[in-house]
>>> print(open('entry.cif').read())   # mmCIF, N, CA and C atoms and all ligand atoms
data_my_file
#
loop_
_atom_site.label_atom_id
_atom_site.label_comp_id
_atom_site.auth_asym_id
_atom_site.auth_seq_id
_atom_site.Cartn_x
_atom_site.Cartn_y
_atom_site.Cartn_z
N MET X 286 -2.61 13.97 -17.56
CA MET X 286 -2.15 14.38 -16.22
C MET X 286 -1.71 13.14 -15.42
N SER X 287 -0.63 13.31 -14.68
CA SER X 287 -0.11 12.18 -13.89
C SER X 287 -1.07 11.83 -12.76
N SER X 288 -1.11 10.56 -12.40
CA SER X 288 -1.92 10.13 -11.26
C SER X 288 -1.27 10.62 -9.96
N ILE X 289 -2.07 10.65 -8.91
CA ILE X 289 -1.52 11.09 -7.61
C ILE X 289 -0.40 10.15 -7.17
N PHE X 290 -0.48 8.87 -7.57
CA PHE X 290 0.58 7.93 -7.18
C PHE X 290 1.86 8.20 -7.98
N THR X 291 1.72 8.59 -9.24
CA THR X 291 2.92 8.96 -10.01
C THR X 291 3.57 10.19 -9.37
N LYS X 292 2.73 11.12 -8.91
CA LYS X 292 3.29 12.31 -8.25
C LYS X 292 4.02 11.92 -6.96
N ILE X 293 3.49 10.93 -6.25
CA ILE X 293 4.17 10.44 -5.05
C ILE X 293 5.49 9.77 -5.45
N ILE X 294 5.44 8.92 -6.48
CA ILE X 294 6.64 8.20 -6.94
C ILE X 294 7.72 9.21 -7.35
N GLU X 295 7.30 10.28 -7.99
CA GLU X 295 8.27 11.27 -8.47
C GLU X 295 8.66 12.29 -7.41
N GLY X 296 8.10 12.16 -6.21
CA GLY X 296 8.47 13.03 -5.10
C GLY X 296 7.81 14.40 -5.12
N GLU X 297 6.82 14.58 -6.01
CA GLU X 297 6.11 15.87 -6.06
C GLU X 297 5.16 16.01 -4.88
N ILE X 298 4.65 14.84 -4.41
CA ILE X 298 3.75 14.80 -3.25
C ILE X 298 4.41 13.89 -2.22
N PRO X 299 4.43 14.30 -0.95
CA PRO X 299 5.11 13.46 0.05
C PRO X 299 4.31 12.20 0.40
N CYS X 300 5.02 11.23 0.93
CA CYS X 300 4.35 10.03 1.45
C CYS X 300 5.18 9.49 2.60
N HIS X 301 4.57 8.58 3.35
CA HIS X 301 5.30 7.89 4.41
C HIS X 301 5.78 6.57 3.79
N LYS X 302 6.99 6.63 3.24
CA LYS X 302 7.52 5.50 2.47
C LYS X 302 7.90 4.32 3.35
N VAL X 303 7.58 3.14 2.87
CA VAL X 303 7.96 1.91 3.57
C VAL X 303 9.10 1.22 2.83
N ALA X 304 9.01 1.17 1.51
CA ALA X 304 10.04 0.48 0.72
C ALA X 304 9.95 0.93 -0.73
N GLU X 305 11.08 0.75 -1.43
CA GLU X 305 11.12 1.15 -2.84
C GLU X 305 12.16 0.30 -3.55
N ASN X 306 11.89 -0.05 -4.79
CA ASN X 306 12.94 -0.60 -5.65
C ASN X 306 12.80 0.05 -7.02
N GLU X 307 13.48 -0.51 -8.00
CA GLU X 307 13.48 0.10 -9.34
C GLU X 307 12.06 0.17 -9.94
N TYR X 308 11.21 -0.79 -9.56
CA TYR X 308 9.92 -0.93 -10.24
C TYR X 308 8.71 -0.59 -9.39
N CYS X 309 8.87 -0.58 -8.07
CA CYS X 309 7.70 -0.47 -7.18
C CYS X 309 7.99 0.43 -5.99
N LEU X 310 6.89 0.93 -5.42
CA LEU X 310 6.97 1.75 -4.20
C LEU X 310 5.87 1.29 -3.24
N ALA X 311 6.18 1.29 -1.95
CA ALA X 311 5.19 0.98 -0.92
C ALA X 311 5.17 2.12 0.08
N PHE X 312 3.97 2.54 0.45
CA PHE X 312 3.83 3.66 1.39
C PHE X 312 2.54 3.52 2.18
N MET X 313 2.48 4.21 3.31
CA MET X 313 1.30 4.13 4.16
C MET X 313 0.12 4.78 3.46
N ASP X 314 -1.04 4.11 3.51
CA ASP X 314 -2.26 4.73 2.99
C ASP X 314 -2.60 5.92 3.90
N ILE X 315 -2.89 7.05 3.29
CA ILE X 315 -3.14 8.28 4.04
C ILE X 315 -4.47 8.23 4.80
N ASN X 316 -5.35 7.38 4.34
CA ASN X 316 -6.69 7.26 4.95
C ASN X 316 -6.97 5.78 5.22
N PRO X 317 -6.21 5.21 6.17
CA PRO X 317 -6.20 3.75 6.32
C PRO X 317 -7.52 3.17 6.84
N VAL X 318 -7.76 1.91 6.48
CA VAL X 318 -8.93 1.21 7.02
C VAL X 318 -8.55 0.39 8.24
N ALA X 319 -7.25 0.26 8.48
CA ALA X 319 -6.74 -0.43 9.67
C ALA X 319 -5.33 0.08 9.92
N GLU X 320 -4.88 -0.09 11.16
CA GLU X 320 -3.50 0.30 11.45
C GLU X 320 -2.56 -0.58 10.60
N GLY X 321 -1.60 0.04 9.93
CA GLY X 321 -0.65 -0.72 9.12
C GLY X 321 -1.09 -0.92 7.67
N HIS X 322 -2.10 -0.18 7.24
CA HIS X 322 -2.58 -0.27 5.85
C HIS X 322 -1.54 0.36 4.91
N VAL X 323 -0.98 -0.48 4.06
CA VAL X 323 0.08 -0.04 3.14
C VAL X 323 -0.38 -0.22 1.69
N LEU X 324 -0.02 0.71 0.85
CA LEU X 324 -0.29 0.61 -0.59
C LEU X 324 0.99 0.22 -1.31
N VAL X 325 0.87 -0.70 -2.24
CA VAL X 325 2.02 -1.12 -3.05
C VAL X 325 1.69 -0.80 -4.50
N VAL X 326 2.53 0.00 -5.13
CA VAL X 326 2.20 0.47 -6.49
C VAL X 326 3.38 0.22 -7.44
N PRO X 327 3.07 -0.12 -8.70
CA PRO X 327 4.13 -0.19 -9.70
C PRO X 327 4.49 1.23 -10.12
N LYS X 328 5.73 1.46 -10.45
CA LYS X 328 6.13 2.83 -10.86
C LYS X 328 5.55 3.17 -12.24
N ILE X 329 5.31 2.16 -13.03
CA ILE X 329 4.69 2.42 -14.33
C ILE X 329 3.21 2.75 -14.07
N GLU X 330 2.73 3.81 -14.75
CA GLU X 330 1.35 4.24 -14.51
C GLU X 330 0.39 3.53 -15.46
N VAL X 331 -0.31 2.56 -14.91
CA VAL X 331 -1.35 1.83 -15.64
C VAL X 331 -2.56 1.85 -14.74
N ASP X 332 -3.72 2.18 -15.27
CA ASP X 332 -4.93 2.32 -14.45
C ASP X 332 -5.37 0.99 -13.86
N TYR X 333 -5.63 0.02 -14.74
CA TYR X 333 -6.29 -1.21 -14.32
C TYR X 333 -5.27 -2.30 -14.01
N PHE X 334 -5.41 -2.87 -12.83
CA PHE X 334 -4.47 -3.88 -12.34
C PHE X 334 -4.20 -4.98 -13.37
N PHE X 335 -5.28 -5.47 -14.00
CA PHE X 335 -5.11 -6.59 -14.92
C PHE X 335 -4.68 -6.16 -16.32
N ASP X 336 -4.39 -4.87 -16.48
CA ASP X 336 -3.71 -4.42 -17.70
C ASP X 336 -2.20 -4.36 -17.51
N LEU X 337 -1.73 -4.60 -16.28
CA LEU X 337 -0.28 -4.64 -16.05
C LEU X 337 0.31 -5.84 -16.78
N SER X 338 1.55 -5.72 -17.22
CA SER X 338 2.19 -6.86 -17.87
C SER X 338 2.41 -7.97 -16.84
N ASP X 339 2.55 -9.18 -17.31
CA ASP X 339 2.81 -10.31 -16.41
C ASP X 339 4.06 -10.04 -15.57
N GLU X 340 5.06 -9.46 -16.23
CA GLU X 340 6.32 -9.18 -15.55
C GLU X 340 6.11 -8.18 -14.40
N THR X 341 5.35 -7.13 -14.68
CA THR X 341 5.11 -6.11 -13.64
C THR X 341 4.27 -6.68 -12.51
N LEU X 342 3.25 -7.48 -12.86
CA LEU X 342 2.43 -8.12 -11.82
C LEU X 342 3.29 -8.98 -10.91
N ALA X 343 4.16 -9.77 -11.51
CA ALA X 343 5.02 -10.66 -10.72
C ALA X 343 5.95 -9.83 -9.83
N ARG X 344 6.51 -8.79 -10.40
CA ARG X 344 7.43 -7.93 -9.61
C ARG X 344 6.69 -7.28 -8.45
N LEU X 345 5.47 -6.84 -8.71
CA LEU X 345 4.68 -6.15 -7.67
C LEU X 345 4.40 -7.09 -6.50
N MET X 346 3.98 -8.31 -6.81
CA MET X 346 3.63 -9.24 -5.74
C MET X 346 4.87 -9.73 -5.01
N GLN X 347 5.98 -9.91 -5.73
CA GLN X 347 7.22 -10.32 -5.07
C GLN X 347 7.74 -9.21 -4.17
N PHE X 348 7.54 -7.97 -4.59
CA PHE X 348 7.94 -6.81 -3.79
C PHE X 348 7.05 -6.72 -2.54
N ALA X 349 5.76 -7.03 -2.72
CA ALA X 349 4.79 -6.91 -1.62
C ALA X 349 5.01 -7.96 -0.53
N LYS X 350 5.51 -9.12 -0.91
CA LYS X 350 5.57 -10.25 0.03
C LYS X 350 6.36 -9.93 1.32
N PRO X 351 7.62 -9.51 1.23
CA PRO X 351 8.34 -9.21 2.48
C PRO X 351 7.75 -8.02 3.23
N ILE X 352 7.10 -7.12 2.50
CA ILE X 352 6.46 -5.98 3.17
C ILE X 352 5.29 -6.47 4.01
N ALA X 353 4.50 -7.38 3.43
CA ALA X 353 3.38 -7.97 4.19
C ALA X 353 3.90 -8.64 5.46
N LYS X 354 4.99 -9.38 5.34
CA LYS X 354 5.57 -10.06 6.52
C LYS X 354 6.05 -9.04 7.55
N ALA X 355 6.60 -7.95 7.07
CA ALA X 355 7.10 -6.91 8.00
C ALA X 355 5.93 -6.23 8.70
N ILE X 356 4.85 -5.96 7.98
CA ILE X 356 3.67 -5.36 8.63
C ILE X 356 3.13 -6.33 9.68
N GLU X 357 3.05 -7.59 9.28
CA GLU X 357 2.52 -8.62 10.18
C GLU X 357 3.33 -8.72 11.46
N ALA X 358 4.64 -8.52 11.34
CA ALA X 358 5.50 -8.59 12.52
C ALA X 358 5.34 -7.34 13.39
N GLU X 359 4.93 -6.27 12.80
CA GLU X 359 4.89 -4.98 13.51
C GLU X 359 3.51 -4.67 14.11
N VAL X 360 2.46 -5.09 13.43
CA VAL X 360 1.09 -4.73 13.84
C VAL X 360 0.38 -5.97 14.34
N PRO X 361 -0.24 -5.91 15.52
CA PRO X 361 -0.96 -7.09 16.01
C PRO X 361 -2.09 -7.47 15.03
N CYS X 362 -2.02 -8.69 14.48
CA CYS X 362 -3.03 -9.14 13.53
C CYS X 362 -2.85 -10.63 13.30
N GLN X 363 -3.79 -11.24 12.60
CA GLN X 363 -3.65 -12.67 12.29
C GLN X 363 -2.91 -12.90 10.99
N ARG X 364 -3.17 -12.02 10.03
CA ARG X 364 -2.47 -12.10 8.75
C ARG X 364 -2.71 -10.80 7.98
N ILE X 365 -2.04 -10.71 6.83
CA ILE X 365 -2.21 -9.51 6.01
C ILE X 365 -3.12 -9.83 4.83
N GLY X 366 -4.19 -9.08 4.71
CA GLY X 366 -5.08 -9.21 3.57
C GLY X 366 -4.50 -8.48 2.38
N VAL X 367 -4.78 -9.00 1.20
CA VAL X 367 -4.30 -8.39 -0.05
C VAL X 367 -5.52 -8.11 -0.91
N THR X 368 -5.73 -6.84 -1.23
CA THR X 368 -6.91 -6.54 -2.04
C THR X 368 -6.57 -5.56 -3.17
N VAL X 369 -7.33 -5.72 -4.23
CA VAL X 369 -7.33 -4.76 -5.33
C VAL X 369 -8.78 -4.38 -5.49
N LEU X 370 -9.12 -3.19 -5.10
CA LEU X 370 -10.52 -2.77 -5.19
C LEU X 370 -10.57 -1.26 -5.18
N GLY X 371 -11.71 -0.73 -5.47
CA GLY X 371 -11.86 0.71 -5.42
C GLY X 371 -11.56 1.36 -6.75
N LEU X 372 -12.05 2.58 -6.88
CA LEU X 372 -11.95 3.31 -8.15
C LEU X 372 -11.35 4.69 -7.97
N GLU X 373 -10.86 4.96 -6.75
CA GLU X 373 -10.44 6.33 -6.44
C GLU X 373 -9.23 6.79 -7.25
N VAL X 374 -8.20 5.96 -7.28
CA VAL X 374 -6.95 6.38 -7.94
C VAL X 374 -6.71 5.53 -9.19
N PRO X 375 -6.66 6.14 -10.37
CA PRO X 375 -6.50 5.39 -11.61
C PRO X 375 -5.05 5.00 -11.88
N HIS X 376 -4.46 4.32 -10.92
CA HIS X 376 -3.07 3.85 -11.01
C HIS X 376 -3.07 2.54 -10.22
N ALA X 377 -2.83 1.45 -10.92
CA ALA X 377 -2.93 0.12 -10.29
C ALA X 377 -2.20 0.08 -8.95
N HIS X 378 -2.82 -0.56 -7.96
CA HIS X 378 -2.19 -0.68 -6.65
C HIS X 378 -2.81 -1.82 -5.87
N VAL X 379 -2.03 -2.31 -4.91
CA VAL X 379 -2.47 -3.38 -4.03
C VAL X 379 -2.57 -2.81 -2.63
N HIS X 380 -3.68 -3.10 -1.95
CA HIS X 380 -3.82 -2.71 -0.54
C HIS X 380 -3.34 -3.89 0.32
N LEU X 381 -2.41 -3.64 1.23
CA LEU X 381 -2.01 -4.64 2.23
C LEU X 381 -2.64 -4.18 3.55
N VAL X 382 -3.54 -5.00 4.09
CA VAL X 382 -4.30 -4.58 5.27
C VAL X 382 -4.27 -5.66 6.34
N PRO X 383 -3.77 -5.33 7.55
CA PRO X 383 -3.79 -6.30 8.64
C PRO X 383 -5.22 -6.73 8.96
N LEU X 384 -5.41 -8.04 9.13
CA LEU X 384 -6.73 -8.60 9.45
C LEU X 384 -6.67 -9.29 10.80
N ASP X 385 -7.77 -9.28 11.50
CA ASP X 385 -7.85 -10.07 12.73
C ASP X 385 -9.14 -10.85 12.74
N GLU X 386 -9.48 -11.40 13.91
CA GLU X 386 -10.61 -12.32 14.00
C GLU X 386 -11.95 -11.66 13.66
N ARG X 387 -11.97 -10.32 13.60
CA ARG X 387 -13.23 -9.67 13.25
C ARG X 387 -13.57 -9.89 11.78
N GLY X 388 -12.61 -10.43 11.03
CA GLY X 388 -12.91 -10.80 9.65
C GLY X 388 -12.71 -9.67 8.68
N LEU X 389 -13.54 -9.62 7.68
CA LEU X 389 -13.34 -8.67 6.59
C LEU X 389 -13.38 -7.22 7.07
N ILE X 390 -12.49 -6.45 6.57
CA ILE X 390 -12.39 -5.03 6.87
C ILE X 390 -13.40 -4.28 6.01
N SER X 391 -14.00 -3.25 6.57
CA SER X 391 -14.84 -2.38 5.75
C SER X 391 -13.99 -1.26 5.19
N PHE X 392 -13.99 -1.13 3.88
CA PHE X 392 -13.20 -0.06 3.28
C PHE X 392 -13.91 1.29 3.39
N ARG X 393 -15.12 1.27 3.95
CA ARG X 393 -15.81 2.55 4.17
C ARG X 393 -15.50 3.10 5.56
N LYS X 394 -15.09 2.20 6.47
CA LYS X 394 -14.83 2.62 7.84
C LYS X 394 -13.33 2.86 7.99
N LYS X 395 -12.97 4.09 8.34
CA LYS X 395 -11.54 4.43 8.38
C LYS X 395 -10.98 4.32 9.80
N PHE X 396 -9.68 4.07 9.85
CA PHE X 396 -8.95 3.98 11.12
C PHE X 396 -8.37 5.36 11.42
N LYS X 397 -8.65 5.86 12.61
CA LYS X 397 -8.17 7.22 12.96
C LYS X 397 -6.67 7.20 13.19
N THR X 398 -5.98 8.08 12.50
CA THR X 398 -4.53 8.17 12.69
C THR X 398 -4.08 9.58 12.34
N ASP X 399 -2.79 9.82 12.41
CA ASP X 399 -2.28 11.14 12.00
C ASP X 399 -0.90 10.96 11.37
N HIS X 400 -0.33 12.02 10.86
CA HIS X 400 0.94 11.93 10.13
C HIS X 400 2.07 11.40 11.02
N GLU X 401 2.03 11.81 12.28
CA GLU X 401 3.10 11.39 13.20
C GLU X 401 3.07 9.86 13.37
N GLN X 402 1.87 9.33 13.59
CA GLN X 402 1.74 7.87 13.77
C GLN X 402 2.08 7.14 12.48
N LEU X 403 1.64 7.67 11.34
CA LEU X 403 1.94 7.02 10.05
C LEU X 403 3.44 7.00 9.80
N ALA X 404 4.10 8.10 10.09
CA ALA X 404 5.55 8.18 9.88
C ALA X 404 6.27 7.19 10.78
N ALA X 405 5.84 7.10 12.04
CA ALA X 405 6.50 6.19 12.99
C ALA X 405 6.32 4.74 12.55
N LEU X 406 5.12 4.40 12.12
CA LEU X 406 4.86 3.02 11.71
C LEU X 406 5.61 2.69 10.41
N ALA X 407 5.64 3.62 9.48
CA ALA X 407 6.38 3.41 8.22
C ALA X 407 7.85 3.10 8.54
N ALA X 408 8.41 3.84 9.47
CA ALA X 408 9.82 3.64 9.83
C ALA X 408 10.03 2.26 10.49
N LYS X 409 9.08 1.85 11.33
CA LYS X 409 9.21 0.54 12.00
C LYS X 409 9.09 -0.60 10.99
N ILE X 410 8.16 -0.50 10.07
CA ILE X 410 8.00 -1.55 9.05
C ILE X 410 9.24 -1.58 8.16
N ALA X 411 9.71 -0.39 7.77
CA ALA X 411 10.90 -0.30 6.91
C ALA X 411 12.11 -0.93 7.61
N ALA X 412 12.23 -0.70 8.92
CA ALA X 412 13.38 -1.24 9.66
C ALA X 412 13.36 -2.76 9.65
N ARG X 413 12.18 -3.36 9.62
CA ARG X 413 12.09 -4.83 9.59
C ARG X 413 12.48 -5.41 8.24
N LEU X 414 12.57 -4.55 7.24
CA LEU X 414 12.96 -5.01 5.90
C LEU X 414 14.46 -4.95 5.67
N GLU X 415 15.15 -4.33 6.63
CA GLU X 415 16.60 -4.13 6.42
C GLU X 415 17.39 -5.42 6.61
P1 LIG V 501 -8.81 2.84 -4.38
O1 LIG V 501 -8.40 3.51 -5.66
O2 LIG V 501 -8.33 1.42 -4.27
O3 LIG V 501 -10.25 3.02 -4.08
O4 LIG V 501 -8.10 3.57 -3.15
C1 LIG V 501 -7.06 4.44 -3.25
C2 LIG V 501 -6.38 4.51 -1.90
O5 LIG V 501 -5.38 5.48 -1.99
C3 LIG V 501 -7.31 4.90 -0.74
O6 LIG V 501 -7.20 3.94 0.29
C4 LIG V 501 -6.81 6.26 -0.31
O7 LIG V 501 -6.86 6.46 1.08
C5 LIG V 501 -5.37 6.25 -0.82
N1 LIG V 501 -4.87 7.56 -1.20
C6 LIG V 501 -5.48 8.46 -2.00
N2 LIG V 501 -4.73 9.56 -2.15
C7 LIG V 501 -3.61 9.36 -1.41
C8 LIG V 501 -2.44 10.13 -1.16
O8 LIG V 501 -2.27 11.27 -1.65
N3 LIG V 501 -1.50 9.59 -0.36
C9 LIG V 501 -1.63 8.35 0.18
N4 LIG V 501 -0.65 7.90 0.97
N5 LIG V 501 -2.72 7.59 -0.02
C10 LIG V 501 -3.70 8.09 -0.82
#
>>> encode(input="entry.cif", output="C-alpha cells")
Amino acid sequence: MSSIFTKIIEGEIPCHKVAENEYCLAFMDINPVAEGHVLVVPKIEVDYFFDLSDETLARLMQFAKPIAKAIEAEVPCQRIGVTVLGLEVPHAHVHLVPLDERGLISFRKKFKTDHEQLAALAAKIAARLE
C-alpha cells in the first residue's frame, strides 16, 4: 500500500503545497509544531531516510535549502531547524521548523492552526521562491 505521502505526491490526498520539482515535494505539515512547519519529501517512496540513495539525499537537501530560506523570510524566527525524526509516516521526510530563542521545539506540543491559515502561509512561502 502506498504511503500517505505518496498519495499526496500523486494528488490522491490534498496538501498545502509549497514547492515541487521532478524529485521532491514540499508542503505544510497538517499538524505543525510551529508556525511555518514544512515537510520535504522525495517522490520515491523509501521508508528510512538513510536508505535513500546519495543522489536522492543530495537532491532533497538542495531542494530544501531555498524553501528553508523562504520560510525564514516569511515567519518570525531565528533560523530554520532541520530534523528527521518520528515513526508516524514510513516515507522518508525532512521537517523544516522555524526556531526561536526558546530553543528546541517539542514535537509533542502542536501549534494551533487551520486549513485557511496553512493555505495562506503555503502561498506566501511559495511566492518567495518565485
Ligand atoms: P514523523 O513520521 O516524522 O513522526 O511525522 C510525520 C509528520 O507528517 C507529522 O508531523 C504529521 O503531522 C505529518 N502528517 C501526517 N499525515 C499527514 C497528512 O496527511 N498531511 C500532511 N500535510 N501532513 C501529515
>>> atom_distance(input="entry.cif", atom1="atom CA of Gly366 of chain X", atom2="atom CA of Ala407 of chain X")
17.7 Å
>>> residues_near_ligand(input="entry.cif", ligand="ligand LIG 501 (chain V)", cutoff="5 Å", atoms="only N, CA and C atoms and all ligand atoms", output="tab-separated table (two decimals) with N, CA and C atoms, in the coordinates of the input")
chain	number	residue	atom	x	y	z
X	313	MET	N	2.48	4.21	3.31
X	313	MET	CA	1.30	4.13	4.16
X	313	MET	C	0.12	4.78	3.46
X	314	ASP	N	-1.04	4.11	3.51
X	314	ASP	CA	-2.26	4.73	2.99
X	314	ASP	C	-2.60	5.92	3.90
X	315	ILE	N	-2.89	7.05	3.29
X	315	ILE	CA	-3.14	8.28	4.04
X	315	ILE	C	-4.47	8.23	4.80
X	316	ASN	N	-5.35	7.38	4.34
X	316	ASN	CA	-6.69	7.26	4.95
X	316	ASN	C	-6.97	5.78	5.22
X	370	LEU	N	-9.12	-3.19	-5.10
X	370	LEU	CA	-10.52	-2.77	-5.19
X	370	LEU	C	-10.57	-1.26	-5.18
X	371	GLY	N	-11.71	-0.73	-5.47
X	371	GLY	CA	-11.86	0.71	-5.42
X	371	GLY	C	-11.56	1.36	-6.75
X	372	LEU	N	-12.05	2.58	-6.88
X	372	LEU	CA	-11.95	3.31	-8.15
X	372	LEU	C	-11.35	4.69	-7.97
X	373	GLU	N	-10.86	4.96	-6.75
X	373	GLU	CA	-10.44	6.33	-6.44
X	373	GLU	C	-9.23	6.79	-7.25
X	374	VAL	N	-8.20	5.96	-7.28
X	374	VAL	CA	-6.95	6.38	-7.94
X	374	VAL	C	-6.71	5.53	-9.19
>>> select_by_dssp(input="entry.cif", residues="segment 317-376 of chain X", states="alpha helix (DSSP H)", output="MDAnalysis selection string")
chainID X and resid 339:359
>>> write_last_selection(input="entry.cif", atoms="N, CA and C atoms", output="mmCIF file, in the coordinates of the input")
data_model
loop_
_atom_site.group_PDB
_atom_site.id
_atom_site.type_symbol
_atom_site.label_atom_id
_atom_site.label_comp_id
_atom_site.auth_asym_id
_atom_site.auth_seq_id
_atom_site.Cartn_x
_atom_site.Cartn_y
_atom_site.Cartn_z
ATOM 1 N N ASP X 339 2.550 -9.180 -17.310
ATOM 2 C CA ASP X 339 2.810 -10.310 -16.410
ATOM 3 C C ASP X 339 4.060 -10.040 -15.570
ATOM 4 N N GLU X 340 5.060 -9.460 -16.230
ATOM 5 C CA GLU X 340 6.320 -9.180 -15.550
ATOM 6 C C GLU X 340 6.110 -8.180 -14.400
ATOM 7 N N THR X 341 5.350 -7.130 -14.680
ATOM 8 C CA THR X 341 5.110 -6.110 -13.640
ATOM 9 C C THR X 341 4.270 -6.680 -12.510
ATOM 10 N N LEU X 342 3.250 -7.480 -12.860
ATOM 11 C CA LEU X 342 2.430 -8.120 -11.820
ATOM 12 C C LEU X 342 3.290 -8.980 -10.910
ATOM 13 N N ALA X 343 4.160 -9.770 -11.510
ATOM 14 C CA ALA X 343 5.020 -10.660 -10.720
ATOM 15 C C ALA X 343 5.950 -9.830 -9.830
ATOM 16 N N ARG X 344 6.510 -8.790 -10.400
ATOM 17 C CA ARG X 344 7.430 -7.930 -9.610
ATOM 18 C C ARG X 344 6.690 -7.280 -8.450
ATOM 19 N N LEU X 345 5.470 -6.840 -8.710
ATOM 20 C CA LEU X 345 4.680 -6.150 -7.670
ATOM 21 C C LEU X 345 4.400 -7.090 -6.500
ATOM 22 N N MET X 346 3.980 -8.310 -6.810
ATOM 23 C CA MET X 346 3.630 -9.240 -5.740
ATOM 24 C C MET X 346 4.870 -9.730 -5.010
ATOM 25 N N GLN X 347 5.980 -9.910 -5.730
ATOM 26 C CA GLN X 347 7.220 -10.320 -5.070
ATOM 27 C C GLN X 347 7.740 -9.210 -4.170
ATOM 28 N N PHE X 348 7.540 -7.970 -4.590
ATOM 29 C CA PHE X 348 7.940 -6.810 -3.790
ATOM 30 C C PHE X 348 7.050 -6.720 -2.540
ATOM 31 N N ALA X 349 5.760 -7.030 -2.720
ATOM 32 C CA ALA X 349 4.790 -6.910 -1.620
ATOM 33 C C ALA X 349 5.010 -7.960 -0.530
ATOM 34 N N LYS X 350 5.510 -9.120 -0.910
ATOM 35 C CA LYS X 350 5.570 -10.250 0.030
ATOM 36 C C LYS X 350 6.360 -9.930 1.320
ATOM 37 N N PRO X 351 7.620 -9.510 1.230
ATOM 38 C CA PRO X 351 8.340 -9.210 2.480
ATOM 39 C C PRO X 351 7.750 -8.020 3.230
ATOM 40 N N ILE X 352 7.100 -7.120 2.500
ATOM 41 C CA ILE X 352 6.460 -5.980 3.170
ATOM 42 C C ILE X 352 5.290 -6.470 4.010
ATOM 43 N N ALA X 353 4.500 -7.380 3.430
ATOM 44 C CA ALA X 353 3.380 -7.970 4.190
ATOM 45 C C ALA X 353 3.900 -8.640 5.460
ATOM 46 N N LYS X 354 4.990 -9.380 5.340
ATOM 47 C CA LYS X 354 5.570 -10.060 6.520
ATOM 48 C C LYS X 354 6.050 -9.040 7.550
ATOM 49 N N ALA X 355 6.600 -7.950 7.070
ATOM 50 C CA ALA X 355 7.100 -6.910 8.000
ATOM 51 C C ALA X 355 5.930 -6.230 8.700
ATOM 52 N N ILE X 356 4.850 -5.960 7.980
ATOM 53 C CA ILE X 356 3.670 -5.360 8.630
ATOM 54 C C ILE X 356 3.130 -6.330 9.680
ATOM 55 N N GLU X 357 3.050 -7.590 9.280
ATOM 56 C CA GLU X 357 2.520 -8.620 10.180
ATOM 57 C C GLU X 357 3.330 -8.720 11.460
ATOM 58 N N ALA X 358 4.640 -8.520 11.340
ATOM 59 C CA ALA X 358 5.500 -8.590 12.520
ATOM 60 C C ALA X 358 5.340 -7.340 13.390
ATOM 61 N N GLU X 359 4.930 -6.270 12.800
ATOM 62 C CA GLU X 359 4.890 -4.980 13.510
ATOM 63 C C GLU X 359 3.510 -4.670 14.110
#
>>> closest_residue(input="entry.cif", among="X:Val318, X:Ile352, X:Val331, X:Ile390", to="Ala304 of chain X", atoms="only N, CA and C atoms")
X:Ile352
>>> closest_residue(input="entry.cif", among="X:Ala411, X:Val367, X:Pro317, X:His322", to="Thr398 of chain X", atoms="all atoms listed in the file")
X:Pro317
>>> decode(input="entry.cif", residues="segment 323-354 of chain X", atoms="C-alpha atoms", output="PDB file, in the first residue's frame")
ATOM      1  CA  VAL X 323       7.050  22.335   6.281  1.00  0.00           C
ATOM      2  CA  LEU X 324       7.696  18.730   5.241  1.00  0.00           C
ATOM      3  CA  VAL X 325      10.097  17.986   2.403  1.00  0.00           C
ATOM      4  CA  VAL X 326       9.750  14.543   0.852  1.00  0.00           C
ATOM      5  CA  PRO X 327      11.402  12.658  -2.007  1.00  0.00           C
ATOM      6  CA  LYS X 328       8.914  11.413  -4.590  1.00  0.00           C
ATOM      7  CA  ILE X 329      10.489   7.988  -4.431  1.00  0.00           C
ATOM      8  CA  GLU X 330       8.905   6.019  -1.581  1.00  0.00           C
ATOM      9  CA  VAL X 331      11.611   4.811   0.776  1.00  0.00           C
ATOM     10  CA  ASP X 332      10.820   4.376   4.472  1.00  0.00           C
ATOM     11  CA  TYR X 333      14.137   5.112   6.159  1.00  0.00           C
ATOM     12  CA  PHE X 334      15.951   8.366   5.442  1.00  0.00           C
ATOM     13  CA  PHE X 335      19.379   6.742   5.411  1.00  0.00           C
ATOM     14  CA  ASP X 336      18.236   4.129   2.903  1.00  0.00           C
ATOM     15  CA  LEU X 337      17.816   6.902   0.319  1.00  0.00           C
ATOM     16  CA  SER X 338      20.472   6.936  -2.387  1.00  0.00           C
ATOM     17  CA  ASP X 339      23.213   9.540  -2.082  1.00  0.00           C
ATOM     18  CA  GLU X 340      21.784  11.224  -5.164  1.00  0.00           C
ATOM     19  CA  THR X 341      18.281  11.460  -3.683  1.00  0.00           C
ATOM     20  CA  LEU X 342      19.620  12.704  -0.337  1.00  0.00           C
ATOM     21  CA  ALA X 343      21.586  15.434  -2.090  1.00  0.00           C
ATOM     22  CA  ARG X 344      18.598  16.413  -4.227  1.00  0.00           C
ATOM     23  CA  LEU X 345      16.328  16.532  -1.175  1.00  0.00           C
ATOM     24  CA  MET X 346      18.619  18.817   0.813  1.00  0.00           C
ATOM     25  CA  GLN X 347      19.331  21.069  -2.171  1.00  0.00           C
ATOM     26  CA  PHE X 348      15.582  21.338  -2.765  1.00  0.00           C
ATOM     27  CA  ALA X 349      15.015  22.102   0.945  1.00  0.00           C
ATOM     28  CA  LYS X 350      17.586  24.896   1.153  1.00  0.00           C
ATOM     29  CA  PRO X 351      15.733  27.722  -0.670  1.00  0.00           C
ATOM     30  CA  ILE X 352      12.497  26.604   0.984  1.00  0.00           C
ATOM     31  CA  ALA X 353      14.093  26.996   4.419  1.00  0.00           C
ATOM     32  CA  LYS X 354      15.244  30.498   3.424  1.00  0.00           C
TER      33      LYS X 354
END
